[in-house]
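K.L.:
My structure file target18.cif, mmCIF, C-alpha atoms, is below:
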data_target
loop_
_atom_site.label_atom_id
_atom_site.label_comp_id
_atom_site.auth_asym_id
_atom_site.auth_seq_id
_atom_site.Cartn_x
_atom_site.Cartn_y
_atom_site.Cartn_z
CA MET Z 1 0.00 0.00 0.00
CA ARG Z 2 2.85 2.35 0.80
CA GLU Z 3 4.22 1.96 -2.73
CA HIS Z 4 0.88 3.10 -4.14
CA PHE Z 5 -0.10 5.88 -1.74
CA GLY Z 6 2.75 6.78 0.62
CA SER Z 7 2.47 6.51 4.39
CA PHE Z 8 -0.94 8.19 4.68
CA LEU Z 9 -3.94 6.60 2.98
CA ALA Z 10 -6.00 9.76 2.69
CA ASP Z 11 -7.93 10.18 -0.50
CA GLY Z 12 -11.31 8.47 -0.82
CA ASP Z 13 -11.48 9.24 -4.54
CA LEU Z 14 -8.15 7.50 -5.13
CA GLY Z 15 -9.14 4.65 -2.79
CA ASN Z 16 -12.31 4.15 -4.79
CA ARG Z 17 -10.39 4.12 -8.05
CA PHE Z 18 -7.80 1.69 -6.65
CA ARG Z 19 -10.55 -0.73 -5.60
CA PHE Z 20 -12.21 -0.57 -9.01
CA CYS Z 21 -9.09 -0.68 -11.18
CA GLU Z 22 -6.70 -2.84 -9.15
CA ILE Z 23 -8.63 -4.95 -6.64
CA ASP Z 24 -11.90 -5.80 -8.38
CA PRO Z 25 -10.26 -7.40 -11.46
CA LEU Z 26 -8.20 -9.65 -9.19
CA PHE Z 27 -10.91 -10.51 -6.71
CA GLY Z 28 -12.65 -13.12 -8.85
CA ARG Z 29 -9.44 -14.75 -10.02
CA ALA Z 30 -7.17 -14.82 -6.99
CA ALA Z 31 -7.47 -17.41 -4.25
CA MET Z 32 -6.28 -14.87 -1.71
CA LEU Z 33 -5.46 -11.15 -1.76
CA ILE Z 34 -3.01 -9.88 0.84
CA PHE Z 35 -2.61 -6.16 1.49
CA ASP Z 36 0.60 -5.14 3.19
CA PHE Z 37 0.26 -2.07 5.44
CA ASP Z 38 3.94 -1.95 6.35
CA GLY Z 39 4.95 1.71 6.67
CA ILE Z 40 1.38 3.01 6.72
CA GLY Z 41 1.05 5.43 9.62
CA ASN Z 42 -2.46 6.76 9.14
CA MET Z 43 -5.63 6.25 7.13
CA SER Z 44 -8.71 8.43 6.72
CA ASP Z 45 -12.20 7.02 7.07
CA SER Z 46 -12.86 8.19 3.51
CA PHE Z 47 -10.10 5.96 2.15
CA ALA Z 48 -11.04 2.97 4.32
CA ASN Z 49 -14.71 3.18 3.34
CA ALA Z 50 -14.17 3.89 -0.36
CA CYS Z 51 -11.56 1.19 -0.86
CA PHE Z 52 -12.31 -1.63 1.58
CA GLY Z 53 -15.82 -0.78 2.82
CA SER Z 54 -17.13 -0.81 -0.74
CA LEU Z 55 -15.26 -4.05 -1.46
CA ALA Z 56 -16.97 -5.61 1.58
CA GLU Z 57 -20.33 -4.30 0.41
CA ASP Z 58 -19.89 -6.04 -2.94
CA HIS Z 59 -18.53 -9.25 -1.41
CA PRO Z 60 -19.94 -9.46 2.14
CA ASP Z 61 -19.16 -13.17 2.54
CA ASP Z 62 -16.21 -13.72 0.24
CA ILE Z 63 -14.15 -10.91 1.70
CA LEU Z 64 -13.58 -12.83 4.93
CA GLU Z 65 -12.29 -15.82 2.97
CA LYS Z 66 -10.28 -14.06 0.28
CA VAL Z 67 -8.73 -10.97 1.83
CA ARG Z 68 -6.01 -10.61 4.45
CA PHE Z 69 -4.22 -7.58 5.89
CA ARG Z 70 -0.65 -7.67 7.06
CA ASN Z 71 1.44 -5.33 9.26
CA CYS Z 72 -1.51 -3.24 10.50
CA SER Z 73 -1.10 -0.98 13.53
CA GLY Z 74 -3.89 -0.94 16.12
CA MET Z 75 -5.30 2.25 14.62
CA ILE Z 76 -5.29 0.90 11.06
CA ARG Z 77 -6.84 -2.35 12.23
CA GLN Z 78 -9.63 -0.46 13.98
CA SER Z 79 -10.34 1.68 10.89
CA LEU Z 80 -10.35 -1.33 8.57
CA SER Z 81 -12.58 -3.34 10.92
CA ALA Z 82 -15.12 -0.51 11.10
CA ALA Z 83 -15.13 0.02 7.32
CA ILE Z 84 -15.35 -3.68 6.45
CA SER Z 85 -17.93 -4.56 9.10
CA SER Z 86 -20.23 -1.72 8.05
CA GLY Z 87 -19.64 -2.54 4.37
CA ARG Z 88 -20.61 -6.18 4.98
CA LEU Z 89 -23.72 -4.99 6.80
CA ARG Z 90 -24.76 -2.85 3.82
CA GLY Z 91 -23.96 -5.68 1.40
CA SER Z 92 -25.96 -8.23 3.39
CA LYS Z 93 -28.98 -5.92 3.44
CA LEU Z 94 -28.74 -5.48 -0.32
CA VAL Z 95 -28.57 -9.25 -0.84
CA ARG Z 96 -31.67 -9.76 1.32
CA MET Y 97 -11.46 36.85 14.15
CA PHE Y 98 -11.60 33.37 15.59
CA GLU Y 99 -13.89 30.39 15.11
CA ASN Y 100 -16.50 31.85 17.46
CA ASN Y 101 -16.95 35.10 15.55
CA LEU Y 102 -15.97 34.07 12.04
CA ARG Y 103 -19.56 34.54 11.00
CA SER Y 104 -19.25 38.24 11.86
CA LEU Y 105 -16.51 38.56 9.25
CA LEU Y 106 -18.66 36.75 6.70
CA ASP Y 107 -21.58 38.99 7.59
CA VAL Y 108 -19.52 42.08 6.84
CA LEU Y 109 -18.03 40.59 3.66
CA ALA Y 110 -21.56 39.92 2.41
CA LEU Y 111 -22.09 43.68 2.18
CA GLY Y 112 -19.78 43.55 -0.83
CA ASP Y 113 -22.19 41.26 -2.68
CA HIS Y 114 -24.48 44.22 -3.35
CA ALA Y 115 -21.75 46.71 -4.31
CA ASP Y 116 -20.01 47.22 -7.64
CA ARG Y 117 -16.76 48.34 -6.00
CA ILE Y 118 -15.46 46.97 -2.72
CA ASP Y 119 -12.71 48.30 -0.46
CA LEU Y 120 -11.31 45.82 2.07
CA ASP Y 121 -9.88 48.00 4.84
CA PHE Y 122 -7.01 46.41 6.81
CA GLN Y 123 -6.48 49.28 9.25
CA SER Y 124 -7.89 47.49 12.31
CA VAL Y 125 -6.88 43.92 11.50
CA ARG Y 126 -4.85 42.46 14.37
CA TYR Y 127 -4.82 38.71 13.86
CA TYR Y 128 -5.43 36.27 11.03
CA VAL Y 129 -6.79 32.75 11.37
CA PRO Y 130 -6.90 30.26 8.48
CA GLY Y 131 -10.71 30.08 8.41
CA GLY Y 132 -10.91 33.86 7.99
CA ILE Y 133 -8.15 34.00 5.41
CA VAL Y 134 -9.54 31.29 3.14
CA ALA Y 135 -13.05 32.75 3.51
CA VAL Y 136 -11.77 36.13 2.28
CA VAL Y 137 -10.00 34.42 -0.63
CA ALA Y 138 -13.12 32.45 -1.62
CA LYS Y 139 -15.28 35.55 -1.31
CA ILE Y 140 -12.98 37.62 -3.52
CA LYS Y 141 -12.87 34.79 -6.06
CA ARG Y 142 -16.67 34.91 -6.15
CA TRP Y 143 -16.58 38.70 -6.62
CA GLN Y 144 -14.08 38.21 -9.44
CA MET Y 145 -16.42 35.68 -11.07
CA ASN Y 146 -19.20 38.29 -10.83
CA GLY Y 147 -17.05 41.00 -12.37
CA LYS Y 148 -16.85 43.18 -9.26
CA GLU Y 149 -14.02 45.61 -8.63
CA TRP Y 150 -12.26 45.20 -5.30
CA ARG Y 151 -9.10 46.47 -3.63
CA PHE Y 152 -7.21 46.35 -0.34
CA THR Y 153 -6.87 49.65 1.54
CA ASN Y 154 -4.83 50.83 4.53
CA TYR Y 155 -2.68 47.74 4.44
CA GLU Y 156 0.63 49.53 4.23
CA GLU Y 157 0.17 50.97 7.71
CA ASN Y 158 -0.92 47.65 9.15
CA GLU Y 159 1.99 45.93 10.86
CA ASN Y 160 0.32 42.52 10.56
CA PHE Y 161 -0.31 42.67 6.82
CA GLY Y 162 3.02 40.96 6.18
CA TYR Y 163 1.57 37.78 7.69
CA PHE Y 164 -1.33 37.98 5.24
CA GLN Y 165 1.17 38.29 2.41
CA ARG Y 166 3.26 35.41 3.74
CA MET Y 167 0.11 33.28 3.53
CA ASP Y 168 0.34 33.87 -0.24
CA VAL Y 169 -3.11 35.42 -0.38
CA CYS Y 170 -1.99 38.14 -2.78
CA ASN Y 171 -0.38 35.63 -5.13
CA ILE Y 172 -3.44 33.41 -5.19
CA LEU Y 173 -5.63 36.44 -5.96
CA GLY Y 174 -3.27 37.67 -8.67
CA LEU Y 175 -2.42 40.81 -6.70
CA ASN Y 176 1.08 42.18 -6.97
CA LEU Y 177 1.84 44.15 -3.79
CA ARG Y 178 5.25 45.19 -2.52
CA GLU Y 179 6.54 42.97 0.29
CA ASN Y 180 8.36 44.62 3.20
CA PHE Y 181 9.86 41.38 4.47
CA SER Y 182 12.14 38.64 3.23
CA ARG Y 183 10.65 35.26 2.54
CA HIS Y 184 12.32 32.26 4.06
CA SER Y 185 11.38 28.62 3.94
CA GLY Y 186 10.81 26.29 6.82
CA SER Y 187 8.39 28.31 8.94
CA GLU Y 188 6.77 25.99 11.44
CA ASP Y 189 3.69 27.90 12.50
CA PHE Y 190 1.65 28.35 9.31
CA VAL Y 191 1.16 26.96 5.85
CA PRO Y 192 0.32 29.38 3.02
CA VAL Y 193 -3.05 29.12 1.33
CA VAL Y 194 -3.18 26.36 -1.25
CA ARG Y 195 -5.88 25.36 -3.71
CA VAL Y 196 -7.93 22.24 -3.10
CA PRO Y 197 -6.43 19.75 -5.56
CA PRO Y 198 -8.37 18.17 -8.44
CA SER Y 199 -9.76 14.67 -8.10
CA ASP Y 200 -6.82 12.97 -9.79
CA GLN Y 201 -4.39 14.42 -7.24
CA ASP Y 202 -3.92 12.82 -3.82
CA VAL Y 203 -5.01 15.05 -0.92
CA GLY Y 204 -2.63 13.15 1.37
CA PRO Y 205 0.52 15.24 0.75
CA ILE Y 206 -1.34 18.53 1.32
CA ALA Y 207 -2.90 17.19 4.53
CA SER Y 208 0.51 15.98 5.71
CA LYS Y 209 2.21 19.30 4.93
CA LEU Y 210 -0.40 21.27 6.82
CA SER Y 211 -0.25 18.88 9.76
CA ALA Y 212 3.54 18.96 9.95
CA CYS Y 213 3.48 22.73 10.50
CA VAL Y 214 1.54 22.12 13.70
CA ASP Y 215 3.36 19.02 14.90
CA PRO Y 216 6.79 18.70 13.28
CA ASN Y 217 7.52 15.71 15.51
CA ARG Y 218 4.72 13.82 13.76
CA GLY Y 219 3.03 12.60 16.91
CA ASP Y 220 -0.65 12.21 17.77
CA THR Y 221 -1.50 15.81 16.88
CA PHE Y 222 0.02 15.31 13.44
CA SER Y 223 -2.06 12.18 12.85
CA LEU Y 224 -5.26 13.83 14.06
CA LEU Y 225 -4.72 16.82 11.78
CA GLN Y 226 -3.86 14.58 8.83
CA PHE Y 227 -7.19 12.84 9.32
CA VAL Y 228 -9.23 16.03 9.75
CA THR Y 229 -7.52 18.00 6.98
CA SER Y 230 -7.86 15.24 4.43
CA GLU Y 231 -11.56 14.83 5.22
CA ALA Y 232 -12.14 18.60 5.05
CA VAL Y 233 -10.32 19.00 1.75
CA LEU Y 234 -12.12 15.98 0.25
CA ASN Y 235 -15.45 17.47 1.31
CA ALA Y 236 -14.71 20.69 -0.53
CA ARG Y 237 -13.56 18.83 -3.62
CA GLN Y 238 -16.42 16.33 -3.75
CA HIS Y 239 -19.31 18.70 -3.03
CA SER Y 240 -18.53 22.31 -3.82
CA GLY Y 241 -18.35 22.28 -7.61
CA GLY Y 242 -16.12 25.34 -7.33
CA GLU Y 243 -12.65 26.49 -6.46
CA GLY Y 244 -11.54 25.71 -2.89
CA PHE Y 245 -8.74 26.91 -0.63
CA VAL Y 246 -7.12 25.52 2.50
CA SER Y 247 -4.68 26.78 5.11
CA ALA Y 248 -3.34 25.86 8.57
CA GLN Y 249 -1.75 27.66 11.49
CA PHE Y 250 -0.32 26.86 14.89
CA ALA Y 251 -0.68 29.53 17.59
CA LYS Y 252 2.13 28.67 19.99
CA SER Y 253 0.97 30.89 22.86
CA LYS Y 254 -2.32 29.03 23.21
CA GLU Y 255 -1.14 25.72 21.73
CA THR Y 256 -3.98 25.92 19.23
CA ALA Y 257 -3.91 24.24 15.84
CA ARG Y 258 -6.24 25.74 13.26
CA ILE Y 259 -7.41 24.57 9.84
CA GLY Y 260 -9.56 26.51 7.42
CA VAL Y 261 -11.16 25.33 4.19
CA ALA Y 262 -13.40 27.54 2.05
CA ASP Y 263 -14.82 27.36 -1.43
CA CYS Y 264 -16.88 29.59 -3.71
CA GLY Y 265 -19.00 26.70 -4.96
CA ILE Y 266 -22.66 25.75 -4.81
CA GLY Y 267 -23.06 25.32 -1.05
CA ILE Y 268 -24.53 22.46 0.95
CA LEU Y 269 -28.22 22.81 0.12
CA GLU Y 270 -27.57 22.99 -3.62
CA SER Y 271 -25.28 19.97 -3.38
CA PHE Y 272 -28.14 17.93 -1.86
CA ARG Y 273 -30.62 19.30 -4.42
CA SER Y 274 -28.56 19.08 -7.60
CA ASN Y 275 -27.35 15.56 -6.82
CA GLU Y 276 -30.97 14.48 -6.22
CA SER Y 277 -29.97 13.13 -2.85
CA PRO Y 278 -32.60 11.02 -1.10
CA PHE Y 279 -31.92 13.24 1.94
CA TYR Y 280 -33.15 16.29 0.04
CA LYS Y 281 -36.71 17.38 0.69
CA GLN Y 282 -38.64 19.95 -1.34
CA GLY Y 283 -38.60 23.26 0.49
CA MET Y 284 -35.58 22.35 2.61
CA THR Y 285 -33.81 25.45 3.94
CA GLU Y 286 -30.08 26.09 3.88
CA GLU Y 287 -30.04 25.83 7.67
CA GLN Y 288 -31.73 22.42 7.56
CA ALA Y 289 -29.27 21.23 4.92
CA LEU Y 290 -26.30 22.42 6.97
CA LEU Y 291 -27.52 20.64 10.11
CA LEU Y 292 -28.22 17.51 8.06
CA ALA Y 293 -24.69 17.49 6.64
CA LEU Y 294 -23.28 17.31 10.17
CA LYS Y 295 -25.08 14.04 10.91
CA PRO Y 296 -23.17 10.76 10.55
CA GLU Y 297 -23.62 8.76 7.35
CA VAL Y 298 -25.33 11.63 5.56
CA SER Y 299 -23.89 12.87 2.30
CA SER Y 300 -25.30 14.45 -0.82
CA THR Y 301 -23.46 11.96 -3.06
CA THR Y 302 -23.56 8.58 -1.28
CA HIS Y 303 -26.30 7.32 -3.61
CA LEU Y 304 -24.47 8.27 -6.82
CA LYS Y 305 -22.74 5.78 -9.08
CA THR Y 306 -19.36 6.86 -10.39
CA PRO Y 307 -17.10 5.58 -13.19
CA TYR Y 308 -15.56 3.46 -10.45
CA GLY Y 309 -18.83 1.94 -9.28
CA HIS Y 310 -19.60 3.08 -5.77
CA SER Y 311 -19.60 6.66 -4.58
CA PRO Y 312 -16.39 7.25 -2.64
CA ASN Y 313 -18.42 9.09 -0.04
CA ARG Y 314 -20.07 7.62 3.04
CA GLY Y 315 -20.74 10.93 4.76
CA VAL Y 316 -18.74 10.44 7.95
CA GLY Y 317 -16.10 13.17 7.55
CA LEU Y 318 -17.90 16.20 9.03
CA SER Y 319 -19.43 14.28 11.93
CA MET Y 320 -16.05 12.72 12.81
CA MET Y 321 -14.42 16.17 12.68
CA ARG Y 322 -17.07 17.50 15.02
CA GLU Y 323 -16.54 14.72 17.56
CA LEU Y 324 -12.74 14.93 17.39
CA MET Y 325 -12.93 18.69 17.89
CA ALA Y 326 -15.18 18.22 20.94
CA LEU Y 327 -12.80 15.61 22.40
CA SER Y 328 -9.89 18.06 22.08
CA LEU Y 329 -12.00 20.88 23.61
CA GLY Y 330 -11.50 22.92 20.44
CA ALA Y 331 -13.99 24.82 18.30
CA MET Y 332 -15.61 24.39 14.90
CA THR Y 333 -17.58 26.63 12.57
CA LEU Y 334 -19.43 25.65 9.42
CA VAL Y 335 -21.03 28.26 7.17
CA SER Y 336 -22.92 27.72 3.93
CA GLY Y 337 -25.28 30.02 2.07
CA ASN Y 338 -27.30 32.03 4.57
CA SER Y 339 -26.66 29.69 7.51
CA TRP Y 340 -23.99 29.14 10.14
CA TRP Y 341 -23.24 26.57 12.84
CA PHE Y 342 -20.73 26.84 15.67
CA GLN Y 343 -19.66 24.53 18.50
CA SER Y 344 -17.11 25.13 21.21
CA ALA Y 345 -15.66 22.12 23.04
CA GLN Y 346 -18.46 19.86 24.30
CA ARG Y 347 -21.03 22.61 24.75
CA ALA Y 348 -24.30 22.55 22.83
CA PRO Y 349 -23.86 23.92 19.31
CA MET Y 350 -25.31 27.24 18.19
CA PHE Y 351 -26.71 27.84 14.75
CA GLY Y 352 -28.68 30.40 12.83
CA THR Y 353 -29.01 32.44 9.66
CA PHE Y 354 -27.51 35.73 8.56
CA LYS Y 355 -29.84 38.70 8.64
CA HIS Y 356 -30.88 41.07 5.85
CA GLY Y 357 -30.40 38.51 3.08
CA ARG Y 358 -26.66 38.28 3.65
CA ARG Y 359 -24.92 35.04 2.71
CA PHE Y 360 -21.71 33.25 1.80
CA ASP Y 361 -22.00 31.63 -1.63
CA GLY Y 362 -20.00 28.49 -0.99
CA THR Y 363 -18.94 26.80 2.23
CA VAL Y 364 -16.48 27.66 4.99
CA LEU Y 365 -15.19 25.17 7.53
CA ALA Y 366 -12.90 26.28 10.35
CA VAL Y 367 -11.67 23.90 13.05
CA ALA Y 368 -9.43 24.53 16.06
CA PHE Y 369 -7.81 21.91 18.30
CA LEU Y 370 -6.01 22.37 21.60
CA ARG Y 371 -2.76 20.44 21.25
CA SER Y 372 -2.54 19.86 24.99
CA GLN Y 373 -5.78 17.86 24.80
CA ILE Y 374 -4.56 15.52 22.08
CA GLU Y 375 -2.84 12.69 23.89
CA ASP Y 376 -3.98 9.53 22.15
CA TYR Y 377 -5.22 9.81 18.55
CA PHE Y 378 -6.15 6.12 18.41
CA GLU Y 379 -8.33 6.47 21.52
CA MET Y 380 -9.91 9.68 20.19
CA LEU Y 381 -10.89 7.96 16.94
CA LYS Y 382 -12.38 5.09 18.90
CA GLN Y 383 -14.39 7.39 21.14
CA ALA Y 384 -15.60 9.50 18.22
CA ARG Y 385 -16.78 6.43 16.30
CA LEU Y 386 -18.50 5.04 19.40
CA LYS Y 387 -20.33 8.32 19.93
CA LEU Y 388 -21.50 8.35 16.31
CA GLY Y 389 -22.48 4.69 16.25
CA LEU Y 390 -19.84 3.94 13.63
CA GLN Y 391 -17.87 1.47 15.73
CA VAL Y 392 -19.58 -1.75 14.71
CA PRO Y 393 -18.61 -5.01 16.46
CA ASP Y 394 -15.24 -6.31 15.29
CA ASP Y 395 -16.46 -9.52 13.65
CA VAL Y 396 -13.73 -9.60 11.03
CA GLY Y 397 -10.72 -10.38 13.22
CA LYS Y 398 -9.58 -13.29 11.10
CA ILE Y 399 -8.65 -11.07 8.16
CA PHE Y 400 -5.63 -9.70 10.01
CA LEU Y 401 -2.41 -11.67 9.74
#
What is this file in structure tokens?
P.N.:
Amino acid sequence: MREHFGSFLADGDLGNRFRFCEIDPLFGRAAMLIFDFDGIGNMSDSFANACFGSLAEDHPDDILEKVRFRNCSGMIRQSLSAAISSGRLRGSKLVR
Amino acid sequence: MFENNLRSLLDVLALGDHADRIDLDFQSVRYYVPGGIVAVVAKIKRWQMNGKEWRFTNYEENENFGYFQRMDVCNILGLNLRENFSRHSGSEDFVPVVRVPPSDQDVGPIASKLSACVDPNRGDTFSLLQFVTSEAVLNARQHSGGEGFVSAQFAKSKETARIGVADCGIGILESFRSNESPFYKQGMTEEQALLLALKPEVSSTTHLKTPYGHSPNRGVGLSMMRELMALSLGAMTLVSGNSWWFQSAQRAPMFGTFKHGRRFDGTVLAVAFLRSQIEDYFEMLKQARLKLGLQVPDDVGKIFL
């Protein structure tokens, strides 16, 4: 992630584009996607929601099986958990 | 001018909306805060769009005008005034006014630069300001439809970090209306729209599809800023159209409308944080999310290696 965005994952617009252009095409094909947060010091809610919350909304069940996060600080972990949990909630409601 | 009386400045500036020629008199100006500076810039940009003549007066006698110039206000307005000081890089207590970047440009570096002026050691205050600044700048970019400006300042004597973002765009109500937001109701006032925008998970664009599928916006930025400001015992002002909202620390917010048809065409957001109250950014985020009901149960623990 640091190679793509630097140490601060800030921009929801860029996070949204990254999900659409980089993650979505791989999601159906890859057995597992691992995101490395080494060197990431901070992340905005906009980025977390646009990138990973939306991914969870589209794949509320698969995301738990196919996505892993590595080298997350406590703060990053909390932000990702909130974004992915609420995304899964939205996705599950849509499915129902 | 500070966050608590920023609306008074905007009230006075609105007098210029009905004049063909406007003089901005600097004789009595004693202190500049980022919210006031970017609001003046956005207002003048709007006057320029409307073909109005404007000028600065009595600035040469004002001993504080140099600070205004150091903030690059004159450059951004295309005004060439003589500078009675030497510019040097590396100042740690303010960041000159910069334009809100376009959507293909990462807001992260701007947010980091502004935050580093307040907390060069890059501790918890730096992280908090990165978060808030990036959300504020994104808001202006995603909703205003017009030019936006941002600035930051650190007042050492009171340990106060300030951020100001202003634009001369369409304002909050028009953003809800023109995007056909499901939150928009026929006859909604600008005050109602402003109060609505401060609620969690409310945004004028959440429902929109973009070339990248989902909207990038979940509408949590302003409400998180408000809670983080309250936790740091700071202050926050939001102004859009004919309406204003202000909250100091954890006191009940005040809000209202400008009188006599006065308004600010666009949106101004000014936030102040007390650095001494920012001890644990992680904990502040957690508390803010809890307060807003955004901290859902962590049922995804297995995804972390």
K.L.:
Give the padded box for stretch 231-244 of chain Y as lines of an AutoDock Vina configuration file: axis-aligned, covering all atoms listed in the file, 3 Å on each side, centre and edge lengths in Å to one decimal.
P.N.:
center_x = -14.8
center_y = 20.7
center_z = -1.2
size_x = 15.0
size_y = 17.7
size_z = 18.8
K.L.:
Just want the 12 Å neighbourhood of Z:Glu22, counted on all atoms listed in the file, with same-chain residues fewer than 2 positions away dropped. Output as JSON, numbers by chain.
P.N.:
{"Z": [1, 4, 14, 15, 16, 17, 18, 19, 20, 24, 25, 26, 27, 28, 33, 35, 51, 55], "Y": [308]}
K.L.:
Could you list, as a list in words, every residue within 10 Å of stretch 270-275 of chain Y, counting all atoms listed in the file and ignoring same-chain residues fewer than 2 positions away?
P.N.:
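Near neighbours after the sequence-gap exclusion: Gln238, His239, Ser240, Gly241, Gly265, Ile266, Gly267, Ile268, Ser277, Pro278, Phe279, Tyr280, Lys281, Gln282, Met284, Glu286, Ala289, Leu292, Ala293, Ser299, Ser300, Thr301, Thr302, His303, Leu304, Gly337 and Gly362 of chain Y.
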K.L.:
Enter the distance from atom CA of Z:Glu65 to atom CA of Z:Ala31, in Å, rounded to one decimal.
P.N.:
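Computing the Euclidean distance for atom CA of Z:Glu65 and atom CA of Z:Ala31 yields 8.8 Å.
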K.L.:
Could you list the residues in chain Y lying within 9 Å of chain Z, using all atoms listed in the file, and format the result as a short mmCIF file (atom, residue, chain, number, x, y, z; two decimals) with C-alpha atoms, in the frame of the given file?
P.N.:
data_model
loop_
_atom_site.label_atom_id
_atom_site.label_comp_id
_atom_site.auth_asym_id
_atom_site.auth_seq_id
_atom_site.Cartn_x
_atom_site.Cartn_y
_atom_site.Cartn_z
CA SER Y 199 -9.76 14.67 -8.10
CA ASP Y 200 -6.82 12.97 -9.79
CA GLN Y 201 -4.39 14.42 -7.24
CA ASP Y 202 -3.92 12.82 -3.82
CA VAL Y 203 -5.01 15.05 -0.92
CA GLY Y 204 -2.63 13.15 1.37
CA PRO Y 205 0.52 15.24 0.75
CA ALA Y 207 -2.90 17.19 4.53
CA SER Y 208 0.51 15.98 5.71
CA SER Y 223 -2.06 12.18 12.85
CA GLN Y 226 -3.86 14.58 8.83
CA PHE Y 227 -7.19 12.84 9.32
CA VAL Y 228 -9.23 16.03 9.75
CA SER Y 230 -7.86 15.24 4.43
CA GLU Y 231 -11.56 14.83 5.22
CA LEU Y 234 -12.12 15.98 0.25
CA GLN Y 238 -16.42 16.33 -3.75
CA PRO Y 307 -17.10 5.58 -13.19
CA TYR Y 308 -15.56 3.46 -10.45
CA GLY Y 309 -18.83 1.94 -9.28
CA HIS Y 310 -19.60 3.08 -5.77
CA SER Y 311 -19.60 6.66 -4.58
CA PRO Y 312 -16.39 7.25 -2.64
CA ASN Y 313 -18.42 9.09 -0.04
CA ARG Y 314 -20.07 7.62 3.04
CA GLY Y 315 -20.74 10.93 4.76
CA VAL Y 316 -18.74 10.44 7.95
CA GLY Y 317 -16.10 13.17 7.55
CA MET Y 320 -16.05 12.72 12.81
CA TYR Y 377 -5.22 9.81 18.55
CA PHE Y 378 -6.15 6.12 18.41
CA GLU Y 379 -8.33 6.47 21.52
CA LEU Y 381 -10.89 7.96 16.94
CA LYS Y 382 -12.38 5.09 18.90
CA ARG Y 385 -16.78 6.43 16.30
CA LEU Y 390 -19.84 3.94 13.63
CA GLN Y 391 -17.87 1.47 15.73
CA VAL Y 392 -19.58 -1.75 14.71
CA PRO Y 393 -18.61 -5.01 16.46
CA ASP Y 394 -15.24 -6.31 15.29
CA ASP Y 395 -16.46 -9.52 13.65
CA VAL Y 396 -13.73 -9.60 11.03
CA GLY Y 397 -10.72 -10.38 13.22
CA LYS Y 398 -9.58 -13.29 11.10
CA ILE Y 399 -8.65 -11.07 8.16
CA PHE Y 400 -5.63 -9.70 10.01
CA LEU Y 401 -2.41 -11.67 9.74
#
K.L.:
Would you fill out stretch 79-90 of chain Z with N, CA and C atoms and return it as a PDB file, keeping the file's coordinate frame?
P.N.:
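Saved result, rebuild.pdb, follows:
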ATOM      1  N   SER Z  79      -9.684   0.993  12.021  1.00  0.00           N
ATOM      2  CA  SER Z  79     -10.340   1.680  10.890  1.00  0.00           C
ATOM      3  C   SER Z  79     -10.820   0.669   9.846  1.00  0.00           C
ATOM      4  N   LEU Z  80      -9.967  -0.312   9.556  1.00  0.00           N
ATOM      5  CA  LEU Z  80     -10.350  -1.330   8.570  1.00  0.00           C
ATOM      6  C   LEU Z  80     -11.528  -2.165   9.069  1.00  0.00           C
ATOM      7  N   SER Z  81     -11.483  -2.528  10.351  1.00  0.00           N
ATOM      8  CA  SER Z  81     -12.580  -3.340  10.920  1.00  0.00           C
ATOM      9  C   SER Z  81     -13.899  -2.595  10.804  1.00  0.00           C
ATOM     10  N   ALA Z  82     -13.880  -1.300  11.159  1.00  0.00           N
ATOM     11  CA  ALA Z  82     -15.120  -0.510  11.100  1.00  0.00           C
ATOM     12  C   ALA Z  82     -15.626  -0.418   9.667  1.00  0.00           C
ATOM     13  N   ALA Z  83     -14.720  -0.132   8.730  1.00  0.00           N
ATOM     14  CA  ALA Z  83     -15.130   0.020   7.320  1.00  0.00           C
ATOM     15  C   ALA Z  83     -15.657  -1.289   6.755  1.00  0.00           C
ATOM     16  N   ILE Z  84     -14.962  -2.397   7.039  1.00  0.00           N
ATOM     17  CA  ILE Z  84     -15.350  -3.680   6.450  1.00  0.00           C
ATOM     18  C   ILE Z  84     -16.621  -4.225   7.112  1.00  0.00           C
ATOM     19  N   SER Z  85     -16.718  -4.080   8.425  1.00  0.00           N
ATOM     20  CA  SER Z  85     -17.930  -4.560   9.100  1.00  0.00           C
ATOM     21  C   SER Z  85     -19.160  -3.801   8.613  1.00  0.00           C
ATOM     22  N   SER Z  86     -19.058  -2.472   8.493  1.00  0.00           N
ATOM     23  CA  SER Z  86     -20.230  -1.720   8.050  1.00  0.00           C
ATOM     24  C   SER Z  86     -20.498  -1.977   6.563  1.00  0.00           C
ATOM     25  N   GLY Z  87     -19.444  -2.193   5.771  1.00  0.00           N
ATOM     26  CA  GLY Z  87     -19.640  -2.540   4.370  1.00  0.00           C
ATOM     27  C   GLY Z  87     -20.352  -3.875   4.218  1.00  0.00           C
ATOM     28  N   ARG Z  88     -19.955  -4.855   5.023  1.00  0.00           N
ATOM     29  CA  ARG Z  88     -20.610  -6.180   4.980  1.00  0.00           C
ATOM     30  C   ARG Z  88     -22.078  -6.061   5.361  1.00  0.00           C
ATOM     31  N   LEU Z  89     -22.338  -5.206   6.352  1.00  0.00           N
ATOM     32  CA  LEU Z  89     -23.720  -4.990   6.800  1.00  0.00           C
ATOM     33  C   LEU Z  89     -24.553  -4.427   5.650  1.00  0.00           C
ATOM     34  N   ARG Z  90     -24.026  -3.438   4.949  1.00  0.00           N
ATOM     35  CA  ARG Z  90     -24.760  -2.850   3.820  1.00  0.00           C
ATOM     36  C   ARG Z  90     -24.953  -3.893   2.725  1.00  0.00           C
TER      37      ARG Z  90
END
